[in-house]
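Enquirer: Structure: run34.tsv, TSV, C-alpha atoms.
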chain	number	residue	atom	x	y	z
A	1355	THR	CA	-119.15	62.91	-9.25
A	1356	THR	CA	-122.29	63.23	-7.15
A	1357	PHE	CA	-123.07	61.57	-3.86
A	1358	SER	CA	-125.93	59.58	-5.40
A	1359	ASN	CA	-123.56	58.27	-8.11
A	1360	PHE	CA	-121.21	57.07	-5.41
A	1361	LEU	CA	-123.98	55.32	-3.45
A	1362	ASP	CA	-125.00	53.45	-6.60
A	1363	LEU	CA	-121.51	52.14	-7.24
A	1364	TYR	CA	-119.39	51.93	-4.09
A	1365	ASN	CA	-120.48	48.39	-3.13
A	1366	GLU	CA	-119.59	47.04	-6.57
A	1367	SER	CA	-116.38	48.91	-7.30
A	1368	ASP	CA	-112.97	49.58	-5.78
A	1369	VAL	CA	-113.60	53.24	-4.95
A	1370	TYR	CA	-114.04	55.06	-1.70
A	1371	MET	CA	-114.91	58.63	-0.89
A	1372	VAL	CA	-112.98	61.17	1.14
A	1373	ASP	CA	-114.21	64.73	1.46
A	1374	SER	CA	-114.92	67.35	4.08
A	1375	LEU	CA	-118.03	66.74	6.14
A	1376	PRO	CA	-120.99	67.79	3.91
A	1377	LYS	CA	-122.84	70.88	5.12
A	1378	PRO	CA	-126.20	69.08	5.54
A	1379	LEU	CA	-124.55	66.64	7.96
A	1380	GLU	CA	-122.80	69.21	10.17
A	1381	GLU	CA	-125.84	69.61	12.39
A	1382	ASP	CA	-126.04	65.85	12.95
A	1383	TYR	CA	-122.37	65.43	13.82
A	1384	HIS	CA	-121.60	66.33	17.45
A	1385	LEU	CA	-118.36	67.26	19.19
A	1386	LEU	CA	-117.73	65.25	22.33
A	1387	HIS	CA	-117.90	66.59	25.88
A	1388	PRO	CA	-114.08	66.81	26.46
A	1389	MET	CA	-113.70	69.14	23.44
A	1390	LEU	CA	-116.24	71.73	24.57
A	1391	CYS	CA	-113.81	73.73	26.69
A	1392	GLY	CA	-110.06	74.28	26.73
A	1393	LEU	CA	-110.04	76.33	23.50
A	1394	TYR	CA	-110.29	73.25	21.25
A	1395	THR	CA	-113.33	74.58	19.41
A	1396	SER	CA	-111.46	77.82	18.75
A	1397	PHE	CA	-108.70	75.93	16.91
A	1398	LEU	CA	-110.70	73.60	14.66
A	1399	SER	CA	-108.85	73.13	11.36
A	1400	SER	CA	-110.77	70.70	9.12
A	1401	THR	CA	-113.00	67.66	8.80
A	1402	SER	CA	-112.65	64.41	6.84
A	1403	PHE	CA	-115.60	62.27	5.79
A	1404	TRP	CA	-114.64	58.67	4.88
A	1405	PHE	CA	-117.04	56.28	3.12
A	1406	SER	CA	-116.28	52.90	1.53
A	1407	SER	CA	-117.40	49.31	1.24
A	1408	GLY	CA	-114.37	48.27	3.31
A	1409	GLY	CA	-111.03	46.71	2.48
A	1410	THR	CA	-109.09	50.00	2.57
A	1411	LYS	CA	-105.74	50.53	4.25
A	1412	SER	CA	-103.48	53.48	4.90
A	1413	VAL	CA	-99.77	54.06	4.66
A	1414	VAL	CA	-97.74	54.50	7.84
A	1415	HIS	CA	-97.92	58.26	8.41
A	1416	ASP	CA	-98.32	61.06	10.90
A	1417	ASP	CA	-100.41	64.24	10.91
A	1418	ASP	CA	-99.64	67.84	11.86
A	1419	ALA	CA	-102.90	68.22	13.81
A	1420	ASP	CA	-104.65	66.48	16.68
A	1421	ASN	CA	-107.77	64.60	15.64
A	1422	ILE	CA	-110.62	62.39	16.78
A	1423	ASN	CA	-111.74	59.62	14.44
A	1424	CYS	CA	-115.35	58.48	15.01
A	1425	VAL	CA	-116.71	55.37	13.29
A	1426	PHE	CA	-120.42	55.32	12.41
A	1427	SER	CA	-120.49	52.08	10.41
A	1428	GLY	CA	-118.03	49.18	10.09
A	1429	ASP	CA	-114.75	48.64	11.93
A	1430	LYS	CA	-111.30	50.19	11.87
A	1431	GLU	CA	-108.03	48.72	13.13
A	1432	PHE	CA	-105.39	51.22	14.17
A	1433	PHE	CA	-101.69	50.71	14.79
A	1434	LEU	CA	-100.21	53.66	16.68
A	1435	ALA	CA	-96.75	54.62	17.90
A	1436	ASP	CA	-95.39	57.52	19.93
A	1437	LYS	CA	-94.19	60.51	17.90
A	1438	LYS	CA	-90.68	60.02	19.32
A	1439	TYR	CA	-90.16	57.22	16.79
A	1440	GLY	CA	-90.43	59.79	14.01
A	1441	ALA	CA	-86.77	60.55	14.69
A	1442	ILE	CA	-85.67	57.08	13.53
A	1443	LEU	CA	-88.20	56.20	10.81
A	1444	PRO	CA	-87.44	57.22	7.19
A	1445	PHE	CA	-90.34	59.62	6.59
A	1446	THR	CA	-90.72	61.09	3.10
A	1447	LYS	CA	-91.36	64.80	2.55
A	1448	SER	CA	-95.04	63.89	2.12
A	1449	GLY	CA	-95.23	62.62	5.69
A	1450	HIS	CA	-95.33	58.84	5.31
A	1451	VAL	CA	-92.98	55.86	5.54
A	1452	GLU	CA	-92.51	54.03	2.25
A	1453	LEU	CA	-93.11	50.35	3.04
A	1454	ASP	CA	-95.48	47.48	2.29
A	1455	VAL	CA	-97.93	47.53	5.21
A	1456	ASP	CA	-98.96	43.93	4.47
A	1457	ALA	CA	-95.40	42.56	4.55
A	1458	VAL	CA	-92.96	44.87	6.31
A	1459	ASP	CA	-89.41	44.30	5.05
A	1460	LEU	CA	-87.12	44.90	8.02
A	1461	LEU	CA	-84.09	44.80	5.73
A	1462	LYS	CA	-85.42	47.87	3.91
A	1463	VAL	CA	-86.75	49.62	7.03
A	1464	PRO	CA	-84.72	48.18	9.94
A	1465	ALA	CA	-85.83	50.95	12.32
A	1466	MET	CA	-89.32	49.42	12.42
A	1467	ILE	CA	-88.07	46.70	14.74
A	1468	GLN	CA	-87.39	49.36	17.42
A	1469	VAL	CA	-90.90	50.81	17.29
A	1470	LYS	CA	-93.32	49.90	20.08
A	1471	TRP	CA	-96.85	49.79	18.64
A	1472	TRP	CA	-100.29	49.96	20.19
A	1473	GLN	CA	-103.25	48.32	18.51
A	1474	ALA	CA	-106.80	49.69	18.73
A	1475	PHE	CA	-110.02	48.23	17.33
A	1476	VAL	CA	-112.56	50.99	16.73
A	1477	LYS	CA	-116.11	49.77	16.18
A	1478	GLU	CA	-119.37	51.45	15.27
A	1479	GLY	CA	-120.09	54.12	17.89
A	1480	ASP	CA	-116.46	54.37	19.04
A	1481	CYS	CA	-114.11	57.35	18.73
A	1482	LEU	CA	-110.32	57.34	18.94
A	1483	PHE	CA	-108.11	60.33	19.79
A	1484	ILE	CA	-104.90	60.48	17.71
A	1485	PRO	CA	-102.37	63.04	19.05
A	1486	HIS	CA	-100.52	65.20	16.55
A	1487	HIS	CA	-97.44	63.58	15.01
A	1488	TRP	CA	-98.28	60.19	16.50
A	1489	ILE	CA	-97.43	57.60	13.87
A	1490	HIS	CA	-100.31	55.41	12.72
A	1491	GLN	CA	-101.65	53.04	10.11
A	1492	VAL	CA	-105.34	52.25	9.59
A	1493	ARG	CA	-107.37	49.40	8.06
A	1494	SER	CA	-111.12	49.54	7.44
A	1495	SER	CA	-113.51	46.62	7.06
A	1496	GLY	CA	-117.20	46.24	6.33
A	1497	ARG	CA	-119.37	49.07	4.98
A	1498	ASN	CA	-117.30	51.86	6.46
A	1499	LEU	CA	-118.35	55.36	7.39
A	1500	ALA	CA	-116.21	57.58	9.64
A	1501	VAL	CA	-115.55	61.24	10.37
A	1502	ASN	CA	-112.34	62.92	11.50
A	1503	ILE	CA	-112.40	66.25	13.31
A	1504	TRP	CA	-109.01	67.98	13.25
A	1505	TRP	CA	-107.74	70.87	15.35
A	1506	HIS	CA	-104.43	72.69	15.58
A	1507	HIS	CA	-102.20	71.33	18.31
A	1508	LEU	CA	-102.33	73.40	21.49
A	1509	ARG	CA	-98.90	73.56	23.09
A	1510	LYS	CA	-100.33	74.16	26.54
A	1511	LEU	CA	-103.74	73.84	28.13
A	1512	ASN	CA	-105.76	76.99	28.70
A	1513	ASN	CA	-108.82	75.72	30.55
A	1514	SER	CA	-110.08	79.05	31.85
A	1515	ASP	CA	-113.23	78.70	29.75
A	1516	CYS	CA	-114.02	75.46	31.61
A	1517	PHE	CA	-114.85	77.40	34.79
A	1518	ILE	CA	-117.68	79.73	35.72
A	1519	ASP	CA	-116.66	83.26	34.70
A	1520	GLY	CA	-113.18	81.86	34.04
A	1521	GLN	CA	-112.50	81.44	37.78
A	1522	GLU	CA	-111.47	78.01	39.03
A	1523	GLU	CA	-112.66	78.72	42.58
A	1524	LEU	CA	-116.23	79.11	41.28
A	1525	GLY	CA	-116.24	75.57	39.94
A	1526	HIS	CA	-116.71	74.04	36.52
A	1527	ARG	CA	-119.35	75.56	34.30
A	1528	PRO	CA	-122.06	73.16	33.14
A	1529	LEU	CA	-121.30	71.61	29.75
A	1530	PRO	CA	-123.54	69.45	27.57
A	1531	GLN	CA	-122.51	65.87	26.79
A	1532	SER	CA	-122.05	66.91	23.17
A	1533	SER	CA	-122.64	69.88	20.88
A	1534	SER	CA	-123.51	70.06	17.18
A	1535	PHE	CA	-120.58	70.81	14.88
A	1536	SER	CA	-122.78	73.38	13.17
A	1537	ASN	CA	-122.36	75.60	16.25
A	1538	TYR	CA	-118.67	76.18	15.46
A	1539	GLN	CA	-116.53	77.68	12.71
A	1540	ILE	CA	-113.28	76.59	11.10
A	1541	LYS	CA	-111.17	79.72	10.65
A	1542	ASP	CA	-108.34	79.74	8.12
A	1543	GLY	CA	-106.33	82.15	10.26
A	1544	ASN	CA	-105.81	79.47	12.89
A	1545	ALA	CA	-103.39	77.72	10.50
A	1546	HIS	CA	-101.27	80.89	10.46
A	1547	LYS	CA	-101.49	81.08	14.24
A	1548	ASP	CA	-100.32	77.47	14.42
A	1549	ALA	CA	-97.39	78.31	12.12
A	1550	LEU	CA	-96.40	81.21	14.40
A	1551	LEU	CA	-96.52	78.97	17.47
A	1552	THR	CA	-94.42	76.33	15.70
A	1553	TYR	CA	-91.88	78.99	14.70
A	1554	LEU	CA	-91.70	80.28	18.28
A	1555	GLY	CA	-91.28	76.71	19.55
A	1556	GLU	CA	-88.34	76.13	17.19
A	1557	LEU	CA	-86.59	79.27	18.43
A	1558	LYS	CA	-87.38	78.86	22.12
A	1559	LYS	CA	-84.41	76.70	23.09
A	1560	GLU	CA	-81.83	79.03	21.56
A	1561	LYS	CA	-83.47	82.46	21.52
A	1562	GLY	CA	-85.86	82.54	24.46
A	1563	PRO	CA	-89.65	82.47	24.96
A	1564	THR	CA	-90.59	85.50	22.80
A	1565	LEU	CA	-90.29	86.71	19.22
A	1566	SER	CA	-88.42	89.93	18.48
A	1567	LYS	CA	-89.24	92.31	15.62
A	1568	GLU	CA	-86.39	90.82	13.62
A	1569	GLN	CA	-87.55	87.24	14.18
A	1570	LEU	CA	-91.11	88.18	13.27
A	1571	TRP	CA	-89.78	89.77	10.07
A	1572	VAL	CA	-88.10	86.48	9.13
A	1573	PHE	CA	-91.40	84.62	9.69
A	1574	VAL	CA	-93.33	87.10	7.55
A	1575	ARG	CA	-90.67	86.86	4.84
A	1576	GLY	CA	-91.25	83.12	4.60
A	1577	MET	CA	-95.02	83.61	4.49
A	1578	VAL	CA	-94.80	86.21	1.71
A	1579	THR	CA	-92.13	84.65	-0.51
A	1580	GLY	CA	-92.41	80.95	0.31
A	1581	GLU	CA	-88.62	80.84	0.10
A	1582	ASP	CA	-85.81	80.35	2.61
A	1583	GLU	CA	-83.54	83.13	3.85
A	1584	ASP	CA	-80.90	82.45	1.19
A	1585	THR	CA	-83.24	83.38	-1.68
A	1586	PRO	CA	-83.33	87.16	-2.23
A	1587	ALA	CA	-86.76	88.82	-2.06
A	1588	SER	CA	-87.81	91.15	-4.86
A	1589	LYS	CA	-88.26	94.86	-4.27
A	1590	SER	CA	-92.06	94.57	-4.19
A	1591	GLU	CA	-91.87	91.55	-1.88
A	1592	THR	CA	-89.54	93.39	0.51
A	1593	LYS	CA	-91.99	96.31	0.68
A	1594	LYS	CA	-94.82	93.90	1.44
A	1595	ILE	CA	-92.75	92.05	4.06
A	1596	ASN	CA	-91.88	95.30	5.86
A	1597	GLN	CA	-95.51	96.44	5.89
A	1598	HIS	CA	-96.89	93.07	7.02
A	1599	SER	CA	-94.23	92.77	9.74
A	1600	LYS	CA	-95.18	96.17	11.12
A	1601	GLU	CA	-98.90	95.38	11.07
A	1602	LEU	CA	-98.36	91.96	12.64
A	1603	MET	CA	-96.22	93.33	15.48
A	1604	GLU	CA	-98.74	96.08	16.21
A	1605	SER	CA	-101.57	93.54	16.32
A	1606	LEU	CA	-99.82	90.86	18.39
A	1607	ASP	CA	-97.82	92.97	20.86
A	1608	GLN	CA	-100.67	93.76	23.24
A	1609	ASN	CA	-98.51	94.96	26.14
A	1610	LYS	CA	-96.24	97.03	23.86
A	1611	ASP	CA	-92.97	95.54	25.14
A	1612	GLU	CA	-91.70	95.11	21.55
A	1613	VAL	CA	-91.64	91.30	21.73
A	1614	VAL	CA	-94.39	88.72	21.06
A	1615	SER	CA	-95.13	86.01	23.62
A	1616	GLU	CA	-96.88	82.65	23.25
A	1617	ASN	CA	-99.96	83.97	25.06
A	1618	GLU	CA	-100.15	86.93	22.67
A	1619	ILE	CA	-100.08	84.56	19.68
A	1620	TYR	CA	-102.89	82.47	21.19
A	1621	ALA	CA	-104.92	85.67	21.65
A	1622	ALA	CA	-104.37	86.80	18.05
A	1623	SER	CA	-107.36	87.36	15.78
A	1624	ALA	CA	-107.69	84.51	13.27
A	1625	ASP	CA	-109.61	86.84	10.95
A	1626	PHE	CA	-106.78	89.40	11.02
A	1627	LEU	CA	-104.19	86.72	10.15
A	1628	THR	CA	-106.30	85.52	7.22
A	1629	GLU	CA	-106.66	89.09	5.98
A	1630	LEU	CA	-102.90	89.59	6.26
A	1631	PHE	CA	-101.65	86.33	4.74
A	1632	GLY	CA	-104.64	84.95	2.82
A	1633	GLU	CA	-105.89	81.37	2.93
A	1634	PRO	CA	-103.30	78.87	4.19
A	1635	PRO	CA	-101.86	76.06	2.05
A	1636	GLN	CA	-103.70	72.76	2.35
A	1637	GLY	CA	-100.85	70.47	3.36
A	1638	TYR	CA	-99.57	67.59	1.22
A	1639	ASP	CA	-101.48	66.36	-1.78
A	1640	LEU	CA	-103.42	63.13	-1.18
A	1641	GLU	CA	-103.08	61.79	-4.71
A	1642	GLU	CA	-99.37	62.62	-4.76
A	1643	VAL	CA	-98.80	60.48	-1.67
A	1644	GLN	CA	-100.74	57.59	-3.19
A	1645	ALA	CA	-98.80	57.80	-6.44
A	1646	PHE	CA	-95.56	57.76	-4.47
A	1647	GLN	CA	-96.70	54.69	-2.58
A	1648	ASP	CA	-97.64	52.41	-5.48
A	1649	GLY	CA	-95.74	53.99	-8.35
A	1650	SER	CA	-98.67	55.10	-10.47
A	1651	ARG	CA	-101.87	57.04	-10.05
A	1652	GLU	CA	-104.50	57.22	-12.75
A	1653	PRO	CA	-107.29	59.71	-12.10
A	1654	PHE	CA	-110.60	58.10	-11.33
A	1655	GLN	CA	-112.86	58.35	-14.38
A	1656	ASP	CA	-116.11	60.30	-14.14
A	1657	LEU	CA	-118.82	58.02	-12.82
A	1658	GLU	CA	-121.45	59.26	-15.27
A	1659	GLU	CA	-121.69	56.73	-18.11
A	1660	GLU	CA	-121.97	57.99	-21.67
A	1661	GLY	CA	-125.49	57.90	-22.99
A	1662	GLU	CA	-127.02	58.09	-19.53
A	1663	GLY	CA	-130.69	58.94	-19.75
A	1664	GLU	CA	-131.57	62.60	-19.60
A	1665	GLY	CA	-134.06	64.06	-17.20
A	1666	GLU	CA	-133.28	61.65	-14.37
A	1667	GLU	CA	-133.60	63.39	-11.03
A	1668	GLU	CA	-130.97	62.70	-8.42
A	1669	GLU	CA	-130.80	63.75	-4.79
A	1670	ASP	CA	-127.45	65.49	-4.43
A	1671	ILE	CA	-125.66	66.86	-1.41
A	1672	GLU	CA	-125.58	70.60	-1.98
A	1673	GLY	CA	-122.94	73.19	-1.18
A	1674	ASP	CA	-123.46	76.61	0.34
A	1675	ASP	CA	-124.58	78.07	-2.99
A	1676	GLY	CA	-127.16	75.36	-3.58
A	1677	GLU	CA	-125.11	73.67	-6.31
A	1678	PRO	CA	-124.20	69.95	-6.00
A	1679	GLU	CA	-120.74	69.49	-4.53
A	1680	ASP	CA	-118.21	67.32	-6.34
A	1681	LEU	CA	-116.99	64.47	-4.14
A	1682	GLU	CA	-113.45	63.19	-4.29
A	1683	LEU	CA	-113.42	59.47	-5.05
A	1684	ILE	CA	-110.26	57.43	-4.72
A	1685	SER	CA	-109.71	53.94	-6.03
A	1686	LYS	CA	-109.22	51.41	-3.24
A	1687	LYS	CA	-106.35	49.89	-5.18
A	1688	HIS	CA	-104.56	53.02	-4.04
A	1689	THR	CA	-103.79	53.64	-0.42
A	1690	GLU	CA	-106.18	55.36	1.97
A	1691	LEU	CA	-104.76	57.97	4.34
Translate the structure described by the file into structure tokens.
Expert:
Amino acid sequence: TTFSNFLDLYNESDVYMVDSLPKPLEEDYHLLHPMLCGLYTSFLSSTSFWFSSGGTKSVVHDDDADNINCVFSGDKEFFLADKKYGAILPFTKSGHVELDVDAVDLLKVPAMIQVKWWQAFVKEGDCLFIPHHWIHQVRSSGRNLAVNIWWHHLRKLNNSDCFIDGQEELGHRPLPQSSSFSNYQIKDGNAHKDALLTYLGELKKEKGPTLSKEQLWVFVRGMVTGEDEDTPASKSETKKINQHSKELMESLDQNKDEVVSENEIYAASADFLTELFGEPPQGYDLEEVQAFQDGSREPFQDLEEEGEGEGEEEEDIEGDDGEPEDLELISKKHTEL
């Protein structure tokens, strides 16, 4: 489905579009002043481009990354709750709470009565910061166009790049009010870095603030096999795990003390991690979540009608190779995320 097809039909149908921010628009989209230092631009993970005629709504869910949602047309209504309530709400494996957002049944989900919610109305020209794992639900109205910028959650602030030559006593370095998104790169290896930091965080309370060779081996095993510790690795997998573990330790352990610290993980090369582990998985499947929510999910039919006249020229958004990009269209009868 092309962008021009969507523009012809979205006002008269129940579809909306969700895709990554198209390349031709990256120069026009700007990151806000607070994101331009503190390593945020080094940990960008993805973008989401939302476009509909309004009337969409999301499930109650949370996200693994921090994000800023900016509305360019229409209005959005957000309900948000602290991530601490994730401990009492019945989240599915897909990361959402199965309930009717128009008529919450407290007999089915009694924990909802304990949740303190904030409400935010985001209008054209507004942006809203949504911290990672904060629970939220979103409704859109009017011709609606919005962009999410996502970045991996930073477990502590490193603001050295906010100061002149990295020295606080020299004062803050001048920063523009905004900067074009086209000036920055999303690196796949940051997802692996995020996974390492999460793994370290899980072990910290019991094992201390660093990763040993053995603990790093366990992490690499999971990355290579995709299985838990109880599932035996094959001979070829074991060889690969041993080699990757050795290479990872040599790359991360900058001070050669045979353990890996949080700071050493932050300093790791995203390109090296991508080379070692490949492209990261893309999280839960959007259509799978929608099917789970309403019980059925029929794929949206191709927008091109049979017998459409040949030779018609259309202005398509193009990908890096010059070919028109396919856009993912979702029926509004299904639930927006």
Enquirer: Could you jot down the CA of Glu1560 (chain A) to CA of Thr1579 (chain A) separation for me, Å, one decimal place?
Expert: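 Calculated distance between CA of Glu1560 (chain A) and CA of Thr1579 (chain A) is 25.0 Å.
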Enquirer: CA of Asp1373 (chain A) to CA of Phe1631 (chain A): how many Å, to one decimal?
Expert: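 Taking CA of Asp1373 (chain A) and CA of Phe1631 (chain A), their separation equals 25.2 Å.
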Enquirer: Would you mind listing, for every residue of region 1516-1569 of chain A within 10 Å of region 1498-1510 of chain A, the two atoms forming the shortest contact and the distance between them in Å to one decimal, using all atoms listed in the file, sorted by chain and ascending residue number, as JSON lines?
Expert:
{"residue": "A:Phe1535", "atom": "CA", "partner": "A:Ile1503", "partner_atom": "CA", "distance": 9.5}
{"residue": "A:Ile1540", "atom": "CA", "partner": "A:Trp1505", "partner_atom": "CA", "distance": 9.0}
{"residue": "A:Asn1544", "atom": "CA", "partner": "A:His1506", "partner_atom": "CA", "distance": 7.4}
{"residue": "A:Ala1545", "atom": "CA", "partner": "A:His1506", "partner_atom": "CA", "distance": 7.2}
{"residue": "A:Lys1547", "atom": "CA", "partner": "A:His1506", "partner_atom": "CA", "distance": 9.0}
{"residue": "A:Asp1548", "atom": "CA", "partner": "A:His1506", "partner_atom": "CA", "distance": 6.4}
{"residue": "A:Ala1549", "atom": "CA", "partner": "A:His1506", "partner_atom": "CA", "distance": 9.6}
{"residue": "A:Leu1551", "atom": "CA", "partner": "A:Arg1509", "partner_atom": "CA", "distance": 8.2}
{"residue": "A:Thr1552", "atom": "CA", "partner": "A:Arg1509", "partner_atom": "CA", "distance": 9.1}
{"residue": "A:Gly1555", "atom": "CA", "partner": "A:Arg1509", "partner_atom": "CA", "distance": 9.0}
Enquirer: What separation in Å, quoted to one decimal, exists between CA of Gly1562 (chain A) and CA of Val1613 (chain A)?
Expert: 10.8 Å
Enquirer: Of the candidates A:Asp1515, A:Glu1618, A:Glu1478, A:Asp1456, which one gets nearest to Lys1430 (chain A) if we count all atoms listed in the file?
Expert: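 Closest residue, counting all atoms listed in the file: A:Glu1478.
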Enquirer: When you count only C-alpha atoms, which of these residues is closest to Asp1480 (chain A): A:Asp1459, A:Gln1531, A:Gly1428, A:Lys1437?
Expert: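 Using only C-alpha atoms, the shortest distance to Asp1480 (chain A) belongs to A:Gly1428.
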Enquirer: Excluding Ile1442 (chain A) and its own-chain neighbours fewer than 3 positions away, which residues fall within 10 Å of it when counting all atoms listed in the file? Please give them as a list in words.
Expert: Lys1438, Tyr1439, Phe1445, Val1463, Pro1464, Ala1465, Met1466, Gln1468 and Val1469 of chain A
Enquirer: May I ask which of the residues A:Met1603, A:Asp1429, A:Asn1537, A:Gly1440 is the closest one to Thr1395 (chain A), counting all atoms listed in the file?
Expert: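 Checking each of A:Met1603, A:Asp1429, A:Asn1537, A:Gly1440 against Thr1395 (chain A), counting all atoms listed in the file, the winner is A:Asn1537.
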Enquirer: At a cut-off of 12 Å, using all atoms listed in the file, what residues contact Cys1481 (chain A)? Leave out same-chain residues fewer than 3 positions from it and give the result as JSON, numbers by chain.
Expert: {"A": [1384, 1385, 1386, 1421, 1422, 1423, 1424, 1425, 1426, 1427, 1429, 1430, 1431, 1432, 1474, 1475, 1476, 1477, 1478, 1484, 1500, 1501, 1502, 1503]}
Enquirer: Show me the residues close to (-96.9, 84.9, 17.2) - anything with an atom within 12 Å, counting all atoms listed in the file - and format the list as a PyMOL selection string.
Expert: chain A and resi 1544-1555+1557+1563-1567+1569-1571+1573-1574+1599+1602-1608+1613-1624+1627
